[in-house]
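Novice: The structure's right below; bear with me while I get my questions together.
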Amino acid sequence: MTKVAILIDGGYLRKIASATYRYNPDFIESMVQNIVKADERLFRVLYYDCDPYCGKAARPISGSEYEFQARSWLDILAAKNFFAVRRGVLKFRGFKLKDIPAKNKVLSDEDFSPVFEQKGVDMRLGIDIANFSMSKAVERIILISGDTDCVPAMKYGRIAGLQIVIVQLPKQQLARELSYHADECRSVKWPANAQKFKE
């Protein structure tokens, strides 16, 4: 049995899956069960994400104060067997127009959406690949990410003797750089028990 660790870029998986499915800890756990093969033994799942942004900002048109409030389920995920959560920080970067406005349209606050940026997630993922490379706690890393910033860490892991598997999500095209620096590109299906927003 090959001992494996699964590293999940939560922002990437959430963006793709939540377009169709209810994205929550149960979905993620079912996704992991879909990924692990019969000849693999799961050592740990590391999930990288940020808690929702909480804070206040002035709306772009009216200038009125808006308070961002959202509940996080990352603690629920961290409590699941074999899961660990690596938290980055979500930064508020202002507002942007949702669409190009029609000529002479009077803009309102509702025409804008907030912009957020994750900080620290890529660094934590890279450090964990390096730690696995040194500790030899696993033989194979299975990575769910579409970010080519992972390539240096992937290369380091392979040089150190780890096998690197990159996961291809349904109907998604992986960047060629990710495929080039992986030992295997593994196509997976969405969990059969996943709840869709629209049936």
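Residue numbering restarts at 1 for every chain of the structure tokens, chains are lettered A, B, ... in their displayed order, and ligands are numbered from 1 as they appear.
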Identify, on the basis of only C-alpha atoms, every residue whose closest approach to Glu177 in chain A does not exceed 7 Å; exclude the query and any residue fewer than 3 positions from it along the same chain; express the result as an MDAnalysis selection string.
Specialist: chainID A and resid 148 180:181
Novice: Output N, CA, C and O atoms for every residue in that selection, as a compact mmCIF listing (two decimals), in the first residue's frame.
Specialist:
# COMPACT_ATOMS: atom_id res chain seq x y z
N THR A 148 0.00 27.47 -10.93
CA THR A 148 1.35 27.12 -11.34
C THR A 148 2.41 27.58 -10.34
O THR A 148 3.58 27.20 -10.45
N TYR A 180 3.49 18.77 -16.58
CA TYR A 180 4.90 18.49 -16.85
C TYR A 180 5.65 18.07 -15.59
O TYR A 180 6.59 17.26 -15.66
N HIS A 181 5.27 18.63 -14.45
CA HIS A 181 6.03 18.40 -13.23
C HIS A 181 5.31 17.47 -12.25
O HIS A 181 5.57 17.50 -11.05
Novice: Pick the closest to Asn131 in chain A from A:Phe95, A:Phe82, A:Leu13, A:Ala5: which is it, counting only C-alpha atoms?
Specialist: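 Residue with the minimum atom-to-atom distance to Asn131 in chain A: A:Ala5.
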Novice: Quick one: residues within 9 Å of Phe27 in chain A, only C-alpha atoms, excluding same-chain residues fewer than 3 positions away - as a list in words?
Specialist: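 Near neighbours after the sequence-gap exclusion: Tyr21, Arg22, Tyr23, Asn24, Ser30, Met31, Val32, Pro191, Asn193, Ala194 and Gln195 of chain A.
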Novice: I'd like the contact shell of Arg93 in chain A - 8 Å cut-off, only C-alpha atoms, skipping same-chain residues fewer than 6 positions apart - returned as number ranges by chain.
Specialist: A: 114-117
Novice: Show me a table, sorted first by chain and then by increasing residue number, of the residues of range 19-81 of chain A having an atom at most 10 Å from range 97-108 of chain A, each with its shortest atom pair and the distance in Å to one decimal, counting only C-alpha atoms and written as JSON lines.
Specialist:
{"residue": "A:Arg59", "atom": "CA", "partner": "A:Ser108", "partner_atom": "CA", "distance": 9.4}
{"residue": "A:Pro60", "atom": "CA", "partner": "A:Ser108", "partner_atom": "CA", "distance": 8.2}
{"residue": "A:Ile61", "atom": "CA", "partner": "A:Ser108", "partner_atom": "CA", "distance": 5.9}
{"residue": "A:Ser62", "atom": "CA", "partner": "A:Ser108", "partner_atom": "CA", "distance": 7.5}
Novice: Can those selected residues be exported to a file as a PDB file, in the first residue's frame so that it contains N, CA and C atoms?
Specialist:
ATOM      1  N   ARG A  59     -19.126  51.671   1.178  1.00  0.00           N
ATOM      2  CA  ARG A  59     -19.654  51.287  -0.134  1.00  0.00           C
ATOM      3  C   ARG A  59     -19.135  52.255  -1.202  1.00  0.00           C
ATOM      4  N   PRO A  60     -18.961  51.760  -2.440  1.00  0.00           N
ATOM      5  CA  PRO A  60     -18.275  52.564  -3.457  1.00  0.00           C
ATOM      6  C   PRO A  60     -19.026  53.798  -3.946  1.00  0.00           C
ATOM      7  N   ILE A  61     -20.341  53.802  -3.902  1.00  0.00           N
ATOM      8  CA  ILE A  61     -21.112  54.942  -4.419  1.00  0.00           C
ATOM      9  C   ILE A  61     -21.672  55.790  -3.284  1.00  0.00           C
ATOM     10  N   SER A  62     -22.419  55.152  -2.386  1.00  0.00           N
ATOM     11  CA  SER A  62     -23.074  55.904  -1.317  1.00  0.00           C
ATOM     12  C   SER A  62     -22.106  56.307  -0.213  1.00  0.00           C
TER      13      SER A  62
END
Novice: Per DSSP on the backbone, filter chain A down to the residues in strand (DSSP E or B) and report them as JSON, numbers by chain.
Specialist: {"A": [2, 3, 4, 5, 6, 7, 8, 9, 21, 40, 41, 42, 43, 44, 45, 46, 47, 48, 49, 50, 55, 56, 57, 58, 65, 66, 67, 68, 83, 84, 85, 86, 87, 88, 89, 90, 91, 92, 93, 94, 95, 96, 97, 112, 113, 114, 115, 116, 117, 118, 119, 140, 141, 142, 143, 144, 163, 164, 165, 166, 167, 168, 184, 185, 186, 187, 196]}
Novice: Between A:Ile129, A:Gly55, A:Ala160, A:Val165, which is the closest to Ile144 in chain A once you count only C-alpha atoms?
Specialist: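 Comparing A:Ile129, A:Gly55, A:Ala160, A:Val165 against Ile144 in chain A, the winner is A:Val165.
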Novice: Quick one: everything within 9 Å of Asp149 in chain A, counting only C-alpha atoms, minus sequence neighbours fewer than 4 positions away in the same chain. Send it as a PyMOL selection string.
Specialist: chain A and resi 122+126+153
Novice: What would the file look like if the residues just selected were written as a compact mmCIF listing (two decimals), in the first residue's frame with N, CA and C atoms?
Specialist:
# COMPACT_ATOMS: atom_id res chain seq x y z
N ASP A 122 -0.43 29.72 -0.64
CA ASP A 122 0.59 29.06 -1.47
C ASP A 122 1.84 28.74 -0.67
N GLY A 126 3.47 25.01 -0.11
CA GLY A 126 4.85 24.71 -0.49
C GLY A 126 5.68 24.21 0.67
N ALA A 153 7.56 23.79 -5.75
CA ALA A 153 7.41 22.81 -4.66
C ALA A 153 7.24 21.40 -5.22
Novice: Out of A:Lys56, A:Arg124, A:Lys136, A:Arg71, which residue has the shortest atom-to-atom distance to Arg86 in chain A when counting only C-alpha atoms?
Specialist: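 So, comparing all the options, the nearest one is A:Arg124.
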Novice: Mind listing the helix (DSSP H, G or I) residues of range 39-149 of chain A, per DSSP on the backbone, as a list of chain:residue names?
Specialist: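 Here is the list: A:Leu74, A:Asp75, A:Ile76, A:Leu77, A:Ala78, A:Asp109, A:Glu110, A:Asp111, A:Val121, A:Asp122, A:Met123, A:Arg124, A:Leu125, A:Gly126, A:Ile127, A:Asp128, A:Ile129, A:Ala130, A:Asn131, A:Phe132, A:Ser133, A:Met134, A:Ser135, A:Thr148, A:Asp149.
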Novice: Nearest to Arg41 in chain A among A:Lys96, A:Arg14, A:Arg140, A:Arg158, with distances taken over only C-alpha atoms: which residue is it?
Specialist: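 Using only C-alpha atoms, the shortest distance to Arg41 in chain A belongs to A:Arg140.
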Novice: Which residue is closest to Arg176 in chain A? Choose from A:Asp147, A:Arg44, A:Val4, A:Leu77 and count only C-alpha atoms.
Specialist: A:Asp147
Novice: With only C-alpha atoms as the basis for distance, which of A:Ile142, A:Leu169, A:Ala84, A:Ile76 is at the shortest distance from Ala182 in chain A?
Specialist: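 Distance minimum relative to Ala182 in chain A lands on A:Ile142.
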